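S.K.: The file below is target-v5.txt, compact mmCIF, C-alpha atoms:
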```txt
# COMPACT_ATOMS: atom_id res chain seq x y z
CA MET D 6 36.50 40.99 13.17
CA TRP D 7 37.37 37.63 14.57
CA TYR D 8 37.98 34.09 13.42
CA LEU D 9 36.01 31.06 14.49
CA ARG D 10 36.86 27.39 14.05
CA ILE D 11 33.64 25.51 13.20
CA ARG D 12 35.11 22.09 12.37
CA GLN D 13 37.20 19.64 14.36
CA PRO D 14 40.80 20.41 13.26
CA GLU D 15 41.89 16.77 13.43
CA LEU D 16 39.40 15.93 10.69
CA MET D 17 40.53 18.73 8.38
CA SER D 18 43.17 18.34 5.67
CA MET D 19 44.73 21.77 6.31
CA PRO D 20 45.13 23.86 9.48
CA LEU D 21 42.97 26.74 8.24
CA GLU D 22 40.27 24.51 6.85
CA GLY D 23 37.09 24.83 8.91
CA VAL D 24 37.90 28.36 10.07
CA VAL D 25 35.57 31.24 9.20
CA LYS D 26 36.12 34.98 9.45
CA LEU D 27 33.37 37.02 11.04
CA GLU D 28 33.01 40.78 10.71
CA CYS D 29 30.68 43.00 12.66
CA TYR D 30 30.39 46.75 12.37
CA ALA D 31 30.87 48.77 15.54
CA VAL D 32 27.94 51.18 15.50
CA ASP D 33 27.74 52.66 19.00
CA PRO D 34 30.45 55.16 20.08
CA SER D 35 31.37 52.87 22.97
CA GLU D 36 31.80 49.96 20.60
CA LYS D 37 34.02 52.06 18.39
CA GLU D 38 36.15 52.98 21.38
CA ILE D 39 36.45 49.76 23.37
CA GLY D 40 35.28 47.19 20.82
CA LEU D 41 32.31 44.82 20.70
CA ASP D 42 30.81 43.34 23.80
CA ALA D 43 32.24 39.89 24.51
CA ASP D 44 28.80 38.41 25.20
CA ARG D 45 27.58 39.59 21.85
CA ILE D 46 30.61 38.04 20.15
CA ASP D 47 29.95 34.78 21.96
CA ASN D 48 26.30 34.83 20.96
CA ILE D 49 27.03 35.44 17.30
CA SER D 50 29.76 32.77 17.38
CA ARG D 51 27.37 30.32 18.98
CA PHE D 52 24.85 30.76 16.18
CA ILE D 53 27.49 30.44 13.47
CA LEU D 54 28.85 27.33 15.16
CA GLN D 55 25.36 25.81 15.15
CA GLU D 56 25.17 26.44 11.43
CA ARG D 57 28.11 24.07 10.76
CA ASN D 58 25.57 21.33 10.05
CA VAL D 59 24.35 20.54 7.46
CA THR D 60 27.24 21.04 5.06
CA PRO D 61 27.59 21.34 1.27
CA TYR D 62 30.24 18.59 1.42
CA GLN D 63 30.98 17.19 -2.07
CA SER D 64 28.89 19.99 -3.59
CA ASP D 65 31.21 22.91 -2.85
CA GLY D 66 34.99 22.80 -2.40
CA ARG D 67 34.71 25.41 0.35
CA TRP D 68 32.39 23.26 2.38
CA ALA D 69 34.52 23.22 5.54
CA SER D 70 34.46 27.00 5.84
CA HIS D 71 31.01 27.42 4.41
CA ILE D 72 27.62 27.37 6.05
CA TYR D 73 24.58 25.89 4.40
CA PRO D 74 22.26 28.94 4.34
CA ILE D 75 24.88 30.99 2.51
CA TYR D 76 25.60 28.08 0.17
CA MET D 77 21.86 27.88 -0.63
CA ALA D 78 21.61 31.64 -1.19
CA GLU D 79 24.64 31.50 -3.49
CA THR D 80 23.22 28.54 -5.39
CA TYR D 81 19.89 30.30 -5.85
CA LEU D 82 21.52 33.52 -7.06
CA LYS D 83 23.96 31.77 -9.39
CA ARG D 84 21.05 30.09 -11.18
CA SER D 85 19.86 33.54 -12.24
CA PHE D 86 23.26 34.64 -13.57
CA ARG D 87 23.96 34.94 -17.28
CA SER D 88 26.39 32.37 -18.59
CA ASP D 89 30.04 33.21 -19.23
CA THR D 90 29.43 32.94 -22.97
CA HIS D 91 26.55 35.38 -22.82
CA PHE D 92 28.56 37.82 -20.70
CA LYS D 93 31.51 37.81 -23.10
CA LYS D 94 29.21 38.55 -26.02
CA LEU D 95 28.21 41.83 -24.37
CA PHE D 96 31.63 43.34 -25.10
CA MET H 1 -13.26 14.93 2.73
CA SER H 2 -11.11 17.52 1.01
CA THR H 3 -9.89 18.07 -2.50
CA GLU H 4 -7.21 20.64 -1.80
CA ALA H 5 -3.98 20.75 -3.80
CA ILE H 6 -1.16 18.72 -2.33
CA GLY H 7 1.64 19.19 -4.84
CA LYS H 8 2.74 19.73 -8.38
CA VAL H 9 3.86 17.45 -11.18
CA THR H 10 7.61 17.34 -11.68
CA ALA H 11 9.13 16.27 -14.99
CA THR H 12 12.91 16.29 -15.35
CA GLU H 13 15.40 15.42 -18.03
CA SER H 14 16.22 12.07 -16.45
CA LYS H 15 12.77 11.33 -15.05
CA PRO H 16 10.13 12.63 -17.45
CA THR H 17 6.42 12.08 -17.19
CA THR H 18 5.05 9.42 -19.52
CA CYS H 19 1.59 8.46 -20.69
CA SER H 20 1.47 5.84 -17.92
CA SER H 21 3.48 7.33 -15.04
CA VAL H 22 4.00 10.66 -13.36
CA ARG H 23 5.89 12.01 -10.37
CA PHE H 24 4.88 14.93 -8.21
CA TRP H 25 6.39 16.69 -5.25
CA ILE H 26 4.27 16.76 -2.14
CA GLN H 27 3.50 19.77 -0.02
CA ARG H 28 5.42 19.61 3.21
CA ASP H 29 2.49 19.04 5.57
CA ALA H 30 0.55 16.66 3.29
CA MET H 31 0.37 13.01 4.36
CA VAL H 32 0.22 10.58 1.46
CA ARG H 33 0.32 6.78 1.48
CA PRO H 34 0.90 4.18 -1.21
CA PHE H 35 -2.34 3.32 -3.05
CA ASP H 36 -3.80 6.79 -2.46
CA ILE H 37 -5.45 8.16 -5.58
CA VAL H 38 -4.82 11.72 -6.72
CA LYS H 39 -5.87 13.79 -9.69
CA ALA H 40 -3.90 16.32 -11.72
CA GLU H 41 -5.05 18.97 -14.12
CA HIS H 42 -4.26 18.18 -17.74
CA LEU H 43 -4.80 19.34 -21.30
CA GLN H 44 -8.21 20.37 -22.70
CA GLY H 45 -9.50 21.05 -19.20
CA SER H 46 -9.30 17.39 -18.33
CA HIS H 47 -8.03 15.69 -15.19
CA SER H 48 -5.88 12.60 -14.94
CA TYR H 49 -6.26 10.22 -12.02
CA ALA H 50 -3.23 8.35 -10.72
CA ILE H 51 -2.50 5.86 -7.96
CA VAL H 52 0.51 6.36 -5.69
CA GLN H 53 2.96 3.49 -5.94
CA ASP H 54 6.02 4.76 -4.11
CA LEU H 55 7.19 7.73 -2.06
CA GLN H 56 10.74 9.02 -1.98
CA TYR H 57 12.30 11.79 0.05
CA VAL H 58 15.09 13.50 -1.89
CA THR H 59 17.55 16.16 -0.74
CA ASP H 60 20.30 18.20 -2.35
CA SER H 61 22.89 16.07 -0.59
CA ALA H 62 25.65 14.93 -2.94
CA GLY H 63 25.80 11.53 -1.26
CA HIS H 64 25.57 9.53 1.93
CA LEU H 65 29.04 10.68 2.90
CA ALA H 66 27.90 14.29 2.77
CA ASN H 67 25.14 13.43 5.24
CA TYR H 68 27.64 11.66 7.48
CA VAL H 69 29.91 14.71 7.44
CA SER H 70 26.86 16.91 8.03
CA SER H 71 26.34 15.17 11.34
CA ASP H 72 29.70 16.32 12.73
CA PHE H 73 31.46 13.38 11.11
CA GLY H 74 29.23 10.68 12.53
CA ASP H 75 28.05 12.26 15.77
CA ILE H 76 24.55 10.88 16.22
CA SER H 77 23.67 13.56 18.77
CA ALA H 78 24.39 16.40 16.33
CA ARG H 79 21.25 18.45 15.61
CA PRO H 80 21.46 20.81 12.62
CA LEU H 81 20.03 24.29 13.02
CA ASN H 82 18.72 24.21 9.44
CA GLU H 83 17.35 21.24 7.60
CA ARG H 84 18.82 20.29 4.30
CA LEU H 85 16.70 21.25 1.30
CA GLY H 86 14.47 18.30 0.49
CA THR H 87 11.00 17.20 -0.53
CA THR H 88 8.94 14.06 -0.91
CA ILE H 89 8.40 12.79 -4.43
CA ALA H 90 5.46 10.50 -5.16
CA GLU H 91 5.67 8.02 -7.99
CA THR H 92 2.27 7.30 -9.47
CA GLU H 93 0.68 5.30 -12.24
CA ILE H 94 -1.95 6.90 -14.42
CA LEU H 95 -5.39 5.28 -14.12
CA TYR H 96 -7.75 7.40 -16.13
CA ASN H 97 -8.31 10.73 -17.86
CA THR H 98 -11.69 12.42 -17.87
CA ARG H 99 -11.40 13.30 -21.59
CA GLU H 100 -9.31 10.33 -22.66
CA VAL H 101 -6.20 12.48 -23.08
CA GLU H 102 -3.21 10.14 -23.17
CA MET H 103 -0.49 12.77 -23.47
CA PRO H 104 2.04 12.87 -20.61
CA LEU H 105 1.19 15.29 -17.83
CA ARG H 106 2.97 18.63 -17.99
CA ASP H 107 5.52 19.83 -15.48
CA GLY H 108 3.98 22.02 -12.80
CA ALA H 109 0.45 20.67 -13.12
CA ILE H 110 -1.47 21.03 -9.86
CA VAL H 111 -2.06 17.73 -8.06
CA GLU H 112 -4.95 17.38 -5.62
CA TRP H 113 -6.80 14.69 -3.75
CA ALA H 114 -9.32 12.72 -5.77
CA ASP H 115 -12.81 12.62 -4.27
CA ALA H 116 -14.79 9.42 -3.77
CA ASP H 117 -16.93 9.86 -6.90
CA GLY H 118 -13.86 10.56 -9.01
CA ILE H 119 -12.07 7.50 -7.66
CA ARG H 120 -15.02 5.25 -8.53
CA VAL H 121 -15.03 6.61 -12.07
CA ALA H 122 -11.23 6.29 -12.36
CA LEU H 123 -11.33 2.67 -11.21
CA GLY H 124 -14.13 1.88 -13.67
CA LEU H 125 -16.51 0.96 -10.88
CA GLU H 126 -19.37 3.04 -12.27
CA LYS H 127 -19.48 0.97 -15.46
CA ILE H 128 -20.04 -2.37 -13.74
CA GLU H 129 -23.48 -3.69 -14.67
CA LYS H 130 -23.80 -6.30 -11.93
CA PRO H 131 -21.62 -5.10 -9.04
CA ILE H 132 -20.76 -7.37 -6.13
CA PRO H 133 -19.63 -5.26 -3.12
CA ALA H 134 -16.10 -6.35 -2.29
CA GLY H 135 -15.13 -3.91 0.47
CA TRP H 136 -14.16 -0.30 0.74
CA ILE H 137 -10.99 1.75 0.81
CA GLU H 138 -10.17 4.91 2.68
CA THR H 139 -7.61 7.28 1.21
CA SER H 140 -5.36 9.52 3.28
CA ASN H 141 -7.65 12.50 2.84
CA GLY H 142 -10.57 10.56 4.32
CA ALA H 143 -12.38 9.68 1.10
CA GLN H 144 -14.22 6.39 1.57
CA VAL H 145 -14.86 4.47 -1.61
CA ARG H 146 -16.88 1.31 -1.99
CA ILE H 147 -15.13 -1.24 -4.17
CA ASP H 148 -17.18 -3.59 -6.33
CA PHE H 149 -16.27 -6.65 -8.35
CA ASP H 150 -17.88 -7.30 -11.68
CA SER H 151 -20.24 -10.23 -11.27
CA ARG H 152 -19.44 -11.42 -14.79
CA TYR H 153 -15.79 -11.93 -13.83
CA LEU H 154 -16.35 -13.11 -10.27
CA LEU H 155 -19.16 -15.56 -10.93
CA GLY H 156 -18.96 -16.00 -14.67
CA PRO H 157 -19.38 -16.34 -17.54
CA GLU H 158 -16.25 -14.25 -18.22
CA GLY H 159 -13.88 -15.37 -15.51
CA ALA H 160 -15.29 -16.91 -12.36
CA HIS H 161 -12.00 -16.70 -10.56
CA LEU H 162 -10.58 -14.80 -7.58
CA ASN H 163 -7.13 -14.87 -6.07
CA ILE H 164 -6.81 -13.77 -2.43
CA ALA H 165 -3.26 -13.18 -1.24
CA GLY H 166 -2.10 -12.54 2.30
CA ILE H 167 -0.14 -13.69 5.30
CA SER H 168 -0.83 -17.23 6.52
CA GLY H 169 -2.23 -17.97 9.93
CA LEU H 170 -4.20 -14.79 10.60
CA ALA H 171 -7.52 -16.00 9.17
CA THR H 172 -7.70 -12.78 7.17
CA LYS H 173 -7.95 -14.52 3.80
CA THR H 174 -10.66 -16.87 5.08
CA SER H 175 -12.49 -13.97 6.71
CA TYR H 176 -12.40 -12.00 3.50
CA ALA H 177 -13.52 -15.02 1.47
CA MET H 178 -16.48 -15.46 3.83
CA PHE H 179 -17.32 -11.77 3.58
CA LEU H 180 -17.23 -11.91 -0.21
CA LEU H 181 -19.32 -15.08 -0.27
CA ASN H 182 -21.84 -13.35 1.95
CA SER H 183 -21.84 -10.42 -0.45
CA VAL H 184 -22.48 -12.83 -3.34
CA HIS H 185 -25.17 -14.46 -1.23
CA GLN H 186 -26.92 -11.13 -0.73
CA ARG H 187 -26.54 -9.72 -4.22
CA ALA H 188 -26.63 -12.75 -6.52
CA ARG H 189 -28.67 -15.22 -4.53
CA ASN H 190 -30.53 -16.48 -7.59
CA ASP H 191 -27.42 -16.78 -9.75
CA ALA H 192 -24.98 -18.54 -7.45
CA ALA H 193 -24.95 -21.56 -5.18
CA ILE H 194 -22.13 -21.71 -2.67
CA ILE H 195 -20.35 -24.96 -1.83
CA ILE H 196 -17.74 -24.76 0.93
CA PHE H 197 -15.35 -27.60 1.71
CA ASN H 198 -14.63 -27.15 5.38
CA VAL H 199 -10.99 -27.33 6.43
CA LYS H 200 -11.33 -24.83 9.27
CA GLY H 201 -12.66 -26.91 12.15
CA SER H 202 -15.86 -25.60 13.67
CA ASP H 203 -15.55 -21.99 12.43
CA LEU H 204 -17.33 -22.57 9.15
CA LEU H 205 -19.98 -24.77 10.73
CA ALA H 206 -21.78 -21.79 12.21
CA ILE H 207 -22.14 -19.57 9.18
CA ASP H 208 -25.90 -19.61 9.57
CA GLN H 209 -25.66 -18.04 13.02
CA PRO H 210 -25.38 -14.29 13.77
CA ASP H 211 -22.12 -13.16 15.31
CA PRO H 212 -22.85 -11.65 18.74
CA GLN H 213 -19.45 -9.93 18.75
CA LEU H 214 -20.22 -7.62 15.83
CA ASP H 215 -19.91 -4.10 17.17
CA GLU H 216 -21.24 -0.86 15.72
CA SER H 217 -18.11 -0.09 13.75
CA ILE H 218 -18.27 -3.44 11.96
CA HIS H 219 -21.96 -2.88 11.28
CA ALA H 220 -21.03 0.47 9.76
CA ASP H 221 -18.33 -1.17 7.63
CA TRP H 222 -20.87 -3.59 6.19
CA GLN H 223 -23.40 -0.88 5.55
CA ARG H 224 -20.70 1.21 3.86
CA CYS H 225 -20.51 -1.64 1.37
CA GLY H 226 -24.28 -1.59 0.93
CA LEU H 227 -24.63 -4.93 2.75
CA ASP H 228 -26.36 -6.15 5.87
CA PRO H 229 -24.21 -7.97 8.44
CA THR H 230 -26.46 -11.01 8.43
CA PRO H 231 -25.51 -14.69 8.51
CA PHE H 232 -25.96 -17.01 5.55
CA SER H 233 -29.44 -18.34 5.04
CA ASN H 234 -30.68 -21.57 3.46
CA VAL H 235 -27.55 -23.38 4.66
CA VAL H 236 -27.20 -27.16 4.57
CA PHE H 237 -24.39 -28.94 6.37
CA LEU H 238 -23.18 -32.30 5.08
CA TYR H 239 -21.14 -34.37 7.53
CA PRO H 240 -19.18 -37.57 6.79
CA TYR H 241 -20.80 -40.68 8.18
CA ALA H 242 -19.24 -42.53 11.11
CA LYS H 243 -20.39 -45.19 13.52
CA ARG H 244 -20.81 -42.67 16.31
CA PRO H 245 -24.44 -42.54 17.41
CA LYS H 246 -23.75 -39.92 20.07
CA ASP H 247 -22.51 -37.52 17.42
CA HIS H 248 -25.44 -37.99 15.08
CA TYR H 249 -23.41 -40.63 13.20
CA THR H 250 -20.92 -38.03 12.04
CA LEU H 251 -17.16 -37.94 11.98
CA SER H 252 -17.35 -34.28 13.01
CA HIS H 253 -15.83 -32.95 16.21
CA ASN H 254 -18.22 -30.02 16.19
CA GLN H 255 -19.86 -29.07 19.49
CA ALA H 256 -22.72 -31.35 20.47
CA ASP H 257 -25.22 -28.54 20.94
CA VAL H 258 -24.40 -27.15 17.51
CA LEU H 259 -24.89 -30.55 15.93
CA ASP H 260 -28.14 -31.02 17.86
CA ARG H 261 -29.45 -27.67 16.63
CA GLN H 262 -28.47 -28.33 13.02
CA TYR H 263 -29.95 -31.85 12.93
CA SER H 264 -33.11 -30.93 14.80
CA SER H 265 -33.80 -28.08 12.38
CA GLY H 266 -33.25 -30.33 9.40
CA ARG H 267 -30.20 -28.47 8.13
CA ALA H 268 -27.62 -31.21 8.65
CA TRP H 269 -27.22 -34.46 6.75
CA ASN H 270 -24.72 -37.27 6.54
CA TYR H 271 -22.98 -38.45 3.44
CA TYR H 272 -21.54 -41.86 2.84
CA TYR H 273 -19.37 -43.32 0.10
CA ASP H 274 -21.29 -46.34 -1.12
CA VAL H 275 -19.14 -49.30 -2.19
CA ASP H 276 -21.10 -50.11 -5.35
CA LEU H 277 -21.09 -46.50 -6.54
CA CYS H 278 -17.42 -45.98 -5.75
CA LYS H 279 -16.41 -49.15 -7.55
CA ARG H 280 -17.76 -47.61 -10.73
CA LYS H 281 -16.09 -44.26 -10.11
CA LEU H 282 -12.76 -45.50 -8.80
CA PRO H 283 -11.07 -45.28 -12.25
CA LEU H 284 -11.66 -41.52 -12.20
CA LEU H 285 -9.13 -41.19 -9.39
CA PHE H 286 -6.41 -42.58 -11.65
CA SER H 287 -7.46 -40.99 -14.91
CA ASP H 288 -4.43 -38.65 -15.06
CA ILE H 289 -1.85 -41.32 -14.20
CA ASP H 290 0.12 -43.06 -16.95
CA ASP H 291 -0.65 -46.72 -17.17
CA PRO H 292 1.65 -48.02 -19.95
CA MET H 293 1.34 -51.69 -18.93
CA SER H 294 -2.45 -51.38 -18.49
CA THR H 295 -2.07 -52.67 -14.94
CA MET H 296 -4.61 -50.35 -13.44
CA GLU H 297 -6.94 -50.84 -16.36
CA SER H 298 -6.92 -54.60 -15.72
CA ILE H 299 -7.75 -54.02 -12.07
CA PHE H 300 -10.62 -51.71 -13.00
CA HIS H 301 -12.04 -54.42 -15.24
CA GLU H 302 -12.01 -56.78 -12.30
CA LEU H 303 -13.80 -54.37 -9.95
CA PRO H 304 -17.41 -55.18 -11.03
CA ASP H 305 -16.76 -58.85 -10.34
CA ILE H 306 -15.78 -58.24 -6.74
CA GLU H 307 -18.71 -58.87 -4.50
CA ALA H 308 -18.56 -56.64 -1.48
CA ASP H 309 -21.26 -54.84 0.45
CA SER H 310 -18.95 -52.99 2.82
CA TRP H 311 -15.56 -51.34 2.66
CA ASP H 312 -14.11 -53.92 5.00
CA SER H 313 -15.06 -56.77 2.73
CA PHE H 314 -13.92 -54.78 -0.31
CA ARG H 315 -10.42 -54.53 1.16
```
Please render this file's structure as structure tokens.
M.R.:
Amino acid sequence: MWYLRIRQPELMSMPLEGVVKLECYAVDPSEKEIGLDADRIDNISRFILQERNVTPYQSDGRWASHIYPIYMAETYLKRSFRSDTHFKKLF
Amino acid sequence: MSTEAIGKVTATESKPTTCSSVRFWIQRDAMVRPFDIVKAEHLQGSHSYAIVQDLQYVTDSAGHLANYVSSDFGDISARPLNERLGTTIAETEILYNTREVEMPLRDGAIVEWADADGIRVALGLEKIEKPIPAGWIETSNGAQVRIDFDSRYLLGPEGAHLNIAGISGLATKTSYAMFLLNSVHQRARNDAAIIIFNVKGSDLLAIDQPDPQLDESIHADWQRCGLDPTPFSNVVFLYPYAKRPKDHYTLSHNQADVLDRQYSSGRAWNYYYDVDLCKRKLPLLFSDIDDPMSTMESIFHELPDIEADSWDSFR
């Protein structure tokens, strides 16, 4: 697990805004013992950093620590959810 | 020429389809231009034809500021890994329905290119009894459609009027007017006589001569309209008289060899405003001017009594 800053801190309203947490399972025995390979961490971080644009700014309050593909997946899935009213009626 | 689907009708709460307008989203790789004509499936197995008026690209961006932020807060060199969700929306105006269905198009209706025959029907060109070829259009899918004017409205008795709009100074309006006159000349020779008042220097004084610069593509354009790229025939040129024997007594600055050819072949004549005739017609020049004191009227009464056999003595 590691943290990655994807936004310029001077443009953020809070110190932790623009920071994302990344988790990666250690699968190989060597990874479990000595941790993930630094190059692999860098590579994954590089891709996540590239995903900082475009942003769901003004559409999602978490925009600074959010990446667009996940925002789109969330938006798509939420459209298929039952409403709160419908859910409460189930009980 | 293809008739493949290029999009689907989109009707929303704020922007519904109406009986006269419809919007559709365009497939990502489709290239559409304003004035393209498309057709969409409609009720009762019919198809509606519509002409594209505007194209808009919309995204899920909440505003311009969101796009600014999405470029690393104004960094022009920033290149996003993923594009924002977006599509092109075409705004169209309904032209025609094959079964006269006037209900608004339904959301999700397939939109495809209209073929040339369909476009002619949609534009009402197939119903013209006396068509005058007026050019041709090419839509983005490559459909080439000959456009005709209705002779009744171009030459009369219904309208006899045409308005040509365009940018000044490029000779495009004049060129088109000459093309259309030639079309009239070829198709309605027995119904129309053409009188041209020349304000274009020597250009219009050679309309009876073939253009040696016409290349094959221009020939093909004419033939696409069902016309032959031939010059006007049975042309007579009338030049104002002047005391210039070297120029065939004309006031024209046309090339000498052109004048020689026209006069020697009997196609050029001079006209002259005769003093006696003009004295009688002079009041017509002032017919729309108020004359409360009857000043002009008095002068006109005096005109027949003035004895003059030349304009100099008339002055």
S.K.: Return as a list in words the residues belonging to chain D that are within 7 Å of chain H, counting only C-alpha atoms.
M.R.: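 Filtering chain D at 7 Å from chain H with only C-alpha atoms gives Gln55, Glu56, Asn58, Val59, Thr60, Tyr62, Gln63 and Ser64 of chain D.
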S.K.: Using only C-alpha atoms, pick whichever of D:Leu27, D:Leu21, D:Ala69, D:Val32 has the shortest atom-to-atom distance to Phe52 in chain D.
M.R.: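 For Phe52 in chain D, the nearest of the candidates is D:Leu27.
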S.K.: Do you have the CA of Val58 in chain H-CA of Ile26 in chain H distance handy?
M.R.: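 Calculated distance between CA of Val58 in chain H and CA of Ile26 in chain H is 11.3 Å.
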S.K.: Fewer than 2 positions away in the same chain doesn't count, so skip those; otherwise give me all residues within 12 Å of Glu126 in chain H, counting only C-alpha atoms, as a list in words.
M.R.: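 Contacts, in chain order: Ala116, Asp117, Gly118, Ile119, Arg120, Val121, Ala122, Leu123, Gly124, Ile128, Glu129, Lys130, Pro131, Val145, Arg146, Ile147, Asp148, Phe149 and Asp150 of chain H.
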S.K.: Rounded to one decimal place, report the CA of Tyr271 in chain H-CA of Pro240 in chain H distance in Å.
M.R.: 5.1 Å
S.K.: What is the CA of Ala114 in chain H-CA of Ala177 in chain H distance in Å, reported with one decimal?
M.R.: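 It comes out at 29.0 Å.
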S.K.: Provide an axis-aligned box for all listed atoms of range 40-52 of chain H, padding each side by 8 Å; report its centre and its edge lengths in Å to one decimal, as AutoDock Vina command-line options.
M.R.:
```
--center_x -4.5 --center_y 13.5 --center_z -14.2 --size_x 26.0 --size_y 31.2 --size_z 33.0
```
S.K.: What would the list of residues within 7 Å of (-7.9, 17.0, -5.8) (file frame) look like as an NGL selection string, if all atoms listed in the file are what count?
M.R.: :H and (3-5 or 38-39 or 111-115)
S.K.: Write out as an mmCIF file with C-alpha atoms, in the frame of the given file which residues come within 12 Å of Tyr273 in chain H when counting all atoms listed in the file, dropping same-chain ones fewer than 3 positions away.
M.R.:
```cif
data_model
loop_
_atom_site.group_PDB
_atom_site.id
_atom_site.type_symbol
_atom_site.label_atom_id
_atom_site.label_comp_id
_atom_site.auth_asym_id
_atom_site.auth_seq_id
_atom_site.Cartn_x
_atom_site.Cartn_y
_atom_site.Cartn_z
ATOM 1 C CA TYR H 239 -21.140 -34.370 7.530
ATOM 2 C CA PRO H 240 -19.180 -37.570 6.790
ATOM 3 C CA TYR H 241 -20.800 -40.680 8.180
ATOM 4 C CA ALA H 242 -19.240 -42.530 11.110
ATOM 5 C CA ASN H 270 -24.720 -37.270 6.540
ATOM 6 C CA ASP H 276 -21.100 -50.110 -5.350
ATOM 7 C CA LEU H 277 -21.090 -46.500 -6.540
ATOM 8 C CA CYS H 278 -17.420 -45.980 -5.750
ATOM 9 C CA LYS H 279 -16.410 -49.150 -7.550
ATOM 10 C CA ARG H 280 -17.760 -47.610 -10.730
ATOM 11 C CA LYS H 281 -16.090 -44.260 -10.110
ATOM 12 C CA LEU H 282 -12.760 -45.500 -8.800
ATOM 13 C CA ASP H 309 -21.260 -54.840 0.450
ATOM 14 C CA SER H 310 -18.950 -52.990 2.820
ATOM 15 C CA TRP H 311 -15.560 -51.340 2.660
#
```
S.K.: Between H:Thr88, H:Thr295, H:Ser313, H:Asn141, which is the closest to Gly7 in chain H once you count only C-alpha atoms?
M.R.: H:Thr88
S.K.: For each of H:His64, H:His47, H:His248, H:Lys8, take the minimum atom-to-atom distance to Met103 in chain H, counting all atoms listed in the file, then give the residue where this is smallest.
M.R.: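 Residue with the minimum atom-to-atom distance to Met103 in chain H: H:His47.
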S.K.: Which neighbours of Val52 in chain H fall inside 8 Å, counting all atoms listed in the file, when residues of the same chain fewer than 6 positions from it are skipped, and could you give them as a ChimeraX atom specification?
M.R.: /H:33-38,90-93
S.K.: Please provide as a ChimeraX atom specification all residues within 6 Å of Pro231 in chain H, with the sequence filter that same-chain residues fewer than 5 positions apart are discarded (counting all atoms listed in the file).
M.R.: /H:207-210
S.K.: Looking at D:Arg87, D:Pro20, D:Leu9, D:Ile72, which one is nearest to Ile49 in chain D, with distances taken over only C-alpha atoms?
M.R.: D:Leu9
S.K.: For Ile11 in chain D, find every residue with an atom within 9 Å (counting all atoms listed in the file), except residues of its own chain fewer than 6 positions away, and show them as number ranges by chain.
M.R.: D: 23-25, 53-57, 69-70
